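K.L.:
Starting off with a structure, shown below.
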4 protein chains.
Amino acid sequence: MSATAILLLSCPDQKGIVAEIASFIYQYDGNIVHSDQHTDFETNTFFMRIEWELEGFRIPREKIAQAFSFIADKFRMEWRLVFSDEVPRVAIMVSKFDHCLYDLLLKWQSKEIRMDIPLIVSNHEDLRSVAEYYRIPYFCFPVNAENKKEVEEKEIKLFQDYRIDTVVLARYMQVLSPDFIAVYPNRIINIHHSFLPAFVGAKPYHQAYARGVKLIGATSHYVTEELDNGPIIVQDVIGVSHRDSLSDMINKGKEVEKRVLSRAVKLHVENKVLVFHNKTVVFD
Amino acid sequence: MSATAILLLSCPDQKGIVAEIASFIYQYDGNIVHSDQHTDFETNTFFMRIEWELEGFRIPREKIAQAFSFIADKFRMEWRLVFSDEVPRVAIMVSKFDHCLYDLLLKWQSKEIRMDIPLIVSNHEDLRSVAEYYRIPYFCFPVNAENKKEVEEKEIKLFQDYRIDTVVLARYMQVLSPDFIAVYPNRIINIHHSFLPAFVGAKPYHQAYARGVKLIGATSHYVTEELDNGPIIVQDVIGVSHRDSLSDMINKGKEVEKRVLSRAVKLHVENKVLVFHNKTVVFD
Amino acid sequence: MSATAILLLSCPDQKGIVAEIASFIYQYDGNIVHSDQHTDFETNTFFMRIEWELEGFRIPREKIAQAFSFIADKFRMEWRLVFSDEVPRVAIMVSKFDHCLYDLLLKWQSKEIRMDIPLIVSNHEDLRSVAEYYRIPYFCFPVNAENKKEVEEKEIKLFQDYRIDTVVLARYMQVLSPDFIAVYPNRIINIHHSFLPAFVGAKPYHQAYARGVKLIGATSHYVTEELDNGPIIVQDVIGVSHRDSLSDMINKGKEVEKRVLSRAVKLHVENKVLVFHNKTVVFD
Amino acid sequence: MSATAILLLSCPDQKGIVAEIASFIYQYDGNIVHSDQHTDFETNTFFMRIEWELEGFRIPREKIAQAFSFIADKFRMEWRLVFSDEVPRVAIMVSKFDHCLYDLLLKWQSKEIRMDIPLIVSNHEDLRSVAEYYRIPYFCFPVNAENKKEVEEKEIKLFQDYRIDTVVLARYMQVLSPDFIAVYPNRIINIHHSFLPAFVGAKPYHQAYARGVKLIGATSHYVTEELDNGPIIVQDVIGVSHRDSLSDMINKGKEVEKRVLSRAVKLHVENKVLVFHNKTVVFD
């Protein structure tokens, strides 16, 4: 398949939206390869993800946005246009746990997740050798209460130098400040090691063990100012029993964490996630 | 929501299909409430399910098919048009097991599955009282090798008298003849108590128990001439272990069977299933 | 299999417990058919469920407890002895939802759950006809803030008259008072329609919908004084997406609720659940 | 916890087995930390896994087997005795796929699976660099119809030199000969990329895709002479839909394969699996 244009949009629902968009694409000889839409009847909002081949499309890629903006304005759309051959540049932030990092690296290496990983940032040295094996630059910024603001500024600067467009917190054990988050709205993906909104905050497996739950879970979500309360992208669970010690639960949970985070990152970099009212529409 | 028109179609993929269909609906003031499409790149086939409100649509419902047929012909579509307020008439066939029957009746009663059940047909008397409680006519035709042809003719006659459009085999323990099947192509839904294609044929739980599998399953599929080989609509599984006796497996399996069959029937009566090359496209 | 004796016990862990119990059973010619044990290393507590055939056991059933009490005392056990042919007497309490009630009744009828259901109690008349179909006495006590204490006293009296040993709240929409709960410690089983501890309290599906979760769940637990905080017996979940309206979530959730509650009731009446420190040990 | 002795056994069921074993352990001051048993009523066979601390046990470890053999003989047991601090030596065989290999290496590295991996054997050079990163010797033996017998002899020799006791086929794409299998009865673990017994043999994802199944699976089993027909240890599945291309199914399947294989290897090296009549008893 050739490269494609992908349009993601939401707008107040009304008649004629699909007709207008499909006619626009057809009129310039575009071949639609995927299209998915959704209407939220509660808020009367229309959502769409539509993808068509650039090959043969009679508007050059750099002028499509401009050409489409007339339709976008008419329907008061929030929208973005991306191209499938523009590979997202993803920074991974880690602390000491390596399971999510490895899972992302393996899926990146096997091209199962199509992204570039220009750098890995950590507050510890522990995972430097992993980064080196994969020949990815590794930056270590130890963080504490005093230097946090300063470190975050360095990190943002670094991300801008590397033209990062998405940040993945692969069990990064620091809370980002609102200023940091504001630079990457709906572009910082976290993995929380519980079935949110159960067990918000620190040590969720300890909380789960203490409560005696029979399933444990993991939640991948976009980071917002309110801790562990951003739009949820993917969740999954695994069964546990009285036979599982806390350490068994942590091990079982790691399996769930890594597949939940990888699935969320894959959906995100394939431009299949729209955020609306602190929820996600996931076109999978 | 008012009643809707639902169009289900497949055709060779080409440019302009969505534009043409969406423009047709918009041109007559139709309000699309759901739309889902799929392209099979292997066979270059386009599939679509699109649903719009009849209220305000400027073609009367009895003339929509005719109006649309020009587009259908142009793109060489296989298609059908249905209306959401035309409730499907479903005959249920049972033998002695009651779990799938009850599940369907409860979901019918609670309107979770929107269908009429004009009659229940069985080769045994066992479940007559269930039918009576729900005030549904119950017909019993004991079947054997000699009278099979004759009985099936009676059943078909009965289904025609009752204007049945879908037949659900809720653990009906008889194999239907090709002649019977031909009357309801892709309209007879069976539940097979295994994870097909494993354990085709009789006594799948016995086979599963003998093989020592760690999961057992159920498969709902359309009935075709080849036994247990029709297009699969829904499958699900449940874990088992060495602690499960054959009878435990049967009990666990019943839970899976009923939810798999009910889900398949719900998808079918909501016109969300398209059959193509002995597979299904399920717009859920 | 003949009737069996079932011993459930917990005690501080020490050497020789299994040897002593197994020797006791062997010494009187008992044939062990099931045995399961667990040690909680955090609290150094030993748990066991052991089941042996009464046939051929050389202590008459009415004297086993006394004979065993020497061992029990020696190891400071909390224990109970039950017999598999003493079918538990279970009262079901309902309000207006019928799905959990039906599921329990069908599994009772098919002997999948071996229990007696001497009566059904409700605060509404809605489900009387269901009870009548199954020929189970139905008592309706409308409850309000004023008469609550009085109604609960009547209910307890009724349960005692009917020699009820377990109460199942099959979507009973009233909070029981501490006085009521104290009569049936770890013998009142509730189904909460969320994945506890997420969404405690009223309208969990509304909360789940508002939060935008990707899985919804149900939790069956013993009722304790603290709302929705008793020992969890069974939990399960089902996937949801942005396509699921609140009402879709409620319907999907009903499926999970009924299988979670039925599984918990089955485990309980088969004497497979031990409560310890507000958690359960489930010998399944 | 100190090192433990683990006894795995099966024998014709009769009275007194548990009493005798538990008394044996208690008599020599053993502290039981885990015990699990199972009776297969169809064949009247008793199975047990019992684990006790070596510290304080008054028989030295090298004499336990001899001491126990009297009991074993009396009850005609098949049994084995292992010690938790004797870490199993596992050879991994691979071809070109790396996902299962990586998953095993990561769980070995994090000590989630306690085993030694003295060598990796392949019929291709592709994964040598992975082995080198983990500093594990890598042997490459290209196999063809002519040299198969000779290569297998070399491999067996190598395994004997390295004192290998378990062989894991982590997507090794060659069928082992009966002679090879005979050297490691119930000690060669394979991952088959389908839900057995569905899709035996080559290209199971292609078969699954062609059949239009709605779930795909993976099966880990011991290798026996009959292809893909050995005792099943672990199975799991994942949902697929018409939207999944063959390549999507392969990617989704890889996730299932690796977690199924890792779980099976973990159970095996923790001595939790007993084989009986081509099935497994898994004490998890």
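By convention in this document, the chains of the structure tokens carry letters A, B, ... by their order, each chain's residues are numbered from 1, and ligands are numbered from 1 in the order they are shown.
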Find the residues of chain B in contact range of chain C, meaning any atom within 8 Å when counting only C-alpha atoms, and list them as a list in words.
P.N.:
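The selection requested is His99, Leu106, Glu112, Tyr133 and Asn251 of chain B.
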K.L.:
Apply DSSP to the structure's backbone, then extract all residues of range 19-249 of chain C labelled strand (DSSP E or B) and return them as a ChimeraX atom specification.
P.N.:
/C:32-40,45-53,78-83,89-94,116-122,138-140,166-169,188-192,215-222,232-239
K.L.:
Could you dump the residues just selected with C-alpha atoms as a tab-separated table (two decimals), in the first residue's frame?
P.N.:
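Final file, result.tsv:
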```
chain	number	residue	atom	x	y	z
C	32	ILE	CA	-10.27	-38.59	51.45
C	33	VAL	CA	-11.80	-37.43	48.15
C	34	HIS	CA	-10.60	-33.83	48.09
C	35	SER	CA	-8.06	-31.89	50.03
C	36	ASP	CA	-6.71	-28.43	49.54
C	37	GLN	CA	-4.60	-26.29	51.79
C	38	HIS	CA	-2.97	-22.91	51.84
C	39	THR	CA	-0.45	-21.15	54.02
C	40	ASP	CA	-0.44	-17.39	54.31
C	45	THR	CA	-1.78	-18.91	59.04
C	46	PHE	CA	-2.71	-22.35	57.79
C	47	PHE	CA	-5.98	-22.98	55.90
C	48	MET	CA	-7.46	-26.28	54.87
C	49	ARG	CA	-10.50	-27.80	53.24
C	50	ILE	CA	-10.62	-31.56	53.44
C	51	GLU	CA	-13.44	-33.84	52.34
C	52	TRP	CA	-13.87	-37.56	52.96
C	53	GLU	CA	-16.55	-40.14	52.42
C	78	GLU	CA	-11.27	-21.93	63.80
C	79	TRP	CA	-13.23	-24.62	62.02
C	80	ARG	CA	-16.54	-25.89	60.83
C	81	LEU	CA	-17.73	-29.32	59.82
C	82	VAL	CA	-20.48	-29.77	57.25
C	83	PHE	CA	-21.95	-32.70	55.36
C	89	ARG	CA	-31.15	-23.22	52.70
C	90	VAL	CA	-30.76	-19.99	50.78
C	91	ALA	CA	-33.06	-16.96	50.87
C	92	ILE	CA	-32.90	-14.71	47.84
C	93	MET	CA	-33.61	-11.00	48.21
C	94	VAL	CA	-34.49	-8.99	45.09
C	116	ASP	CA	-32.81	-25.15	48.60
C	117	ILE	CA	-34.53	-21.83	48.02
C	118	PRO	CA	-37.28	-21.83	50.61
C	119	LEU	CA	-38.34	-18.23	49.93
C	120	ILE	CA	-37.77	-15.06	47.99
C	121	VAL	CA	-38.06	-11.68	49.70
C	122	SER	CA	-38.45	-8.38	47.94
C	138	TYR	CA	-42.60	-14.74	47.79
C	139	PHE	CA	-42.74	-12.14	50.52
C	140	CYS	CA	-42.94	-8.46	49.76
C	166	THR	CA	-27.44	-18.03	53.66
C	167	VAL	CA	-28.92	-14.84	52.22
C	168	VAL	CA	-28.24	-13.84	48.61
C	169	LEU	CA	-28.81	-10.24	47.58
C	188	ILE	CA	-24.93	-12.68	53.16
C	189	ILE	CA	-23.66	-12.61	49.57
C	190	ASN	CA	-24.07	-9.44	47.53
C	191	ILE	CA	-23.45	-8.65	43.88
C	192	HIS	CA	-22.08	-5.18	43.29
C	215	LEU	CA	-13.72	-2.57	30.96
C	216	ILE	CA	-16.67	-2.87	33.30
C	217	GLY	CA	-17.01	-5.46	36.00
C	218	ALA	CA	-18.96	-7.03	38.78
C	219	THR	CA	-17.97	-8.14	42.26
C	220	SER	CA	-19.57	-10.67	44.54
C	221	HIS	CA	-18.68	-10.28	48.19
C	222	TYR	CA	-19.85	-11.00	51.69
C	232	ILE	CA	-14.51	-10.45	47.78
C	233	ILE	CA	-15.46	-13.92	46.53
C	234	VAL	CA	-15.54	-13.54	42.72
C	235	GLN	CA	-14.86	-10.72	40.24
C	236	ASP	CA	-15.04	-10.57	36.50
C	237	VAL	CA	-15.02	-7.96	33.73
C	238	ILE	CA	-16.09	-7.41	30.14
C	239	GLY	CA	-14.69	-5.01	27.54
```
K.L.:
Residues at most 8 Å from Val18 in chain D, counting only C-alpha atoms, excluding those fewer than 4 positions away in the same chain, as a VMD selection string?
P.N.:
(chain C and resid 19 22) or (chain D and resid 22)
K.L.:
Would you mind writing down, as a ChimeraX atom specification, each residue of range 4-117 of chain D that DSSP on the backbone assigns to helix (DSSP H, G or I)?
P.N.:
/D:17-27,61-74,99-109
K.L.:
Enter the distance from CA of Asn31 in chain D to CA of Ile17 in chain C, in Å, rounded to one decimal.
P.N.:
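Distance between the two atoms: 9.7 Å.
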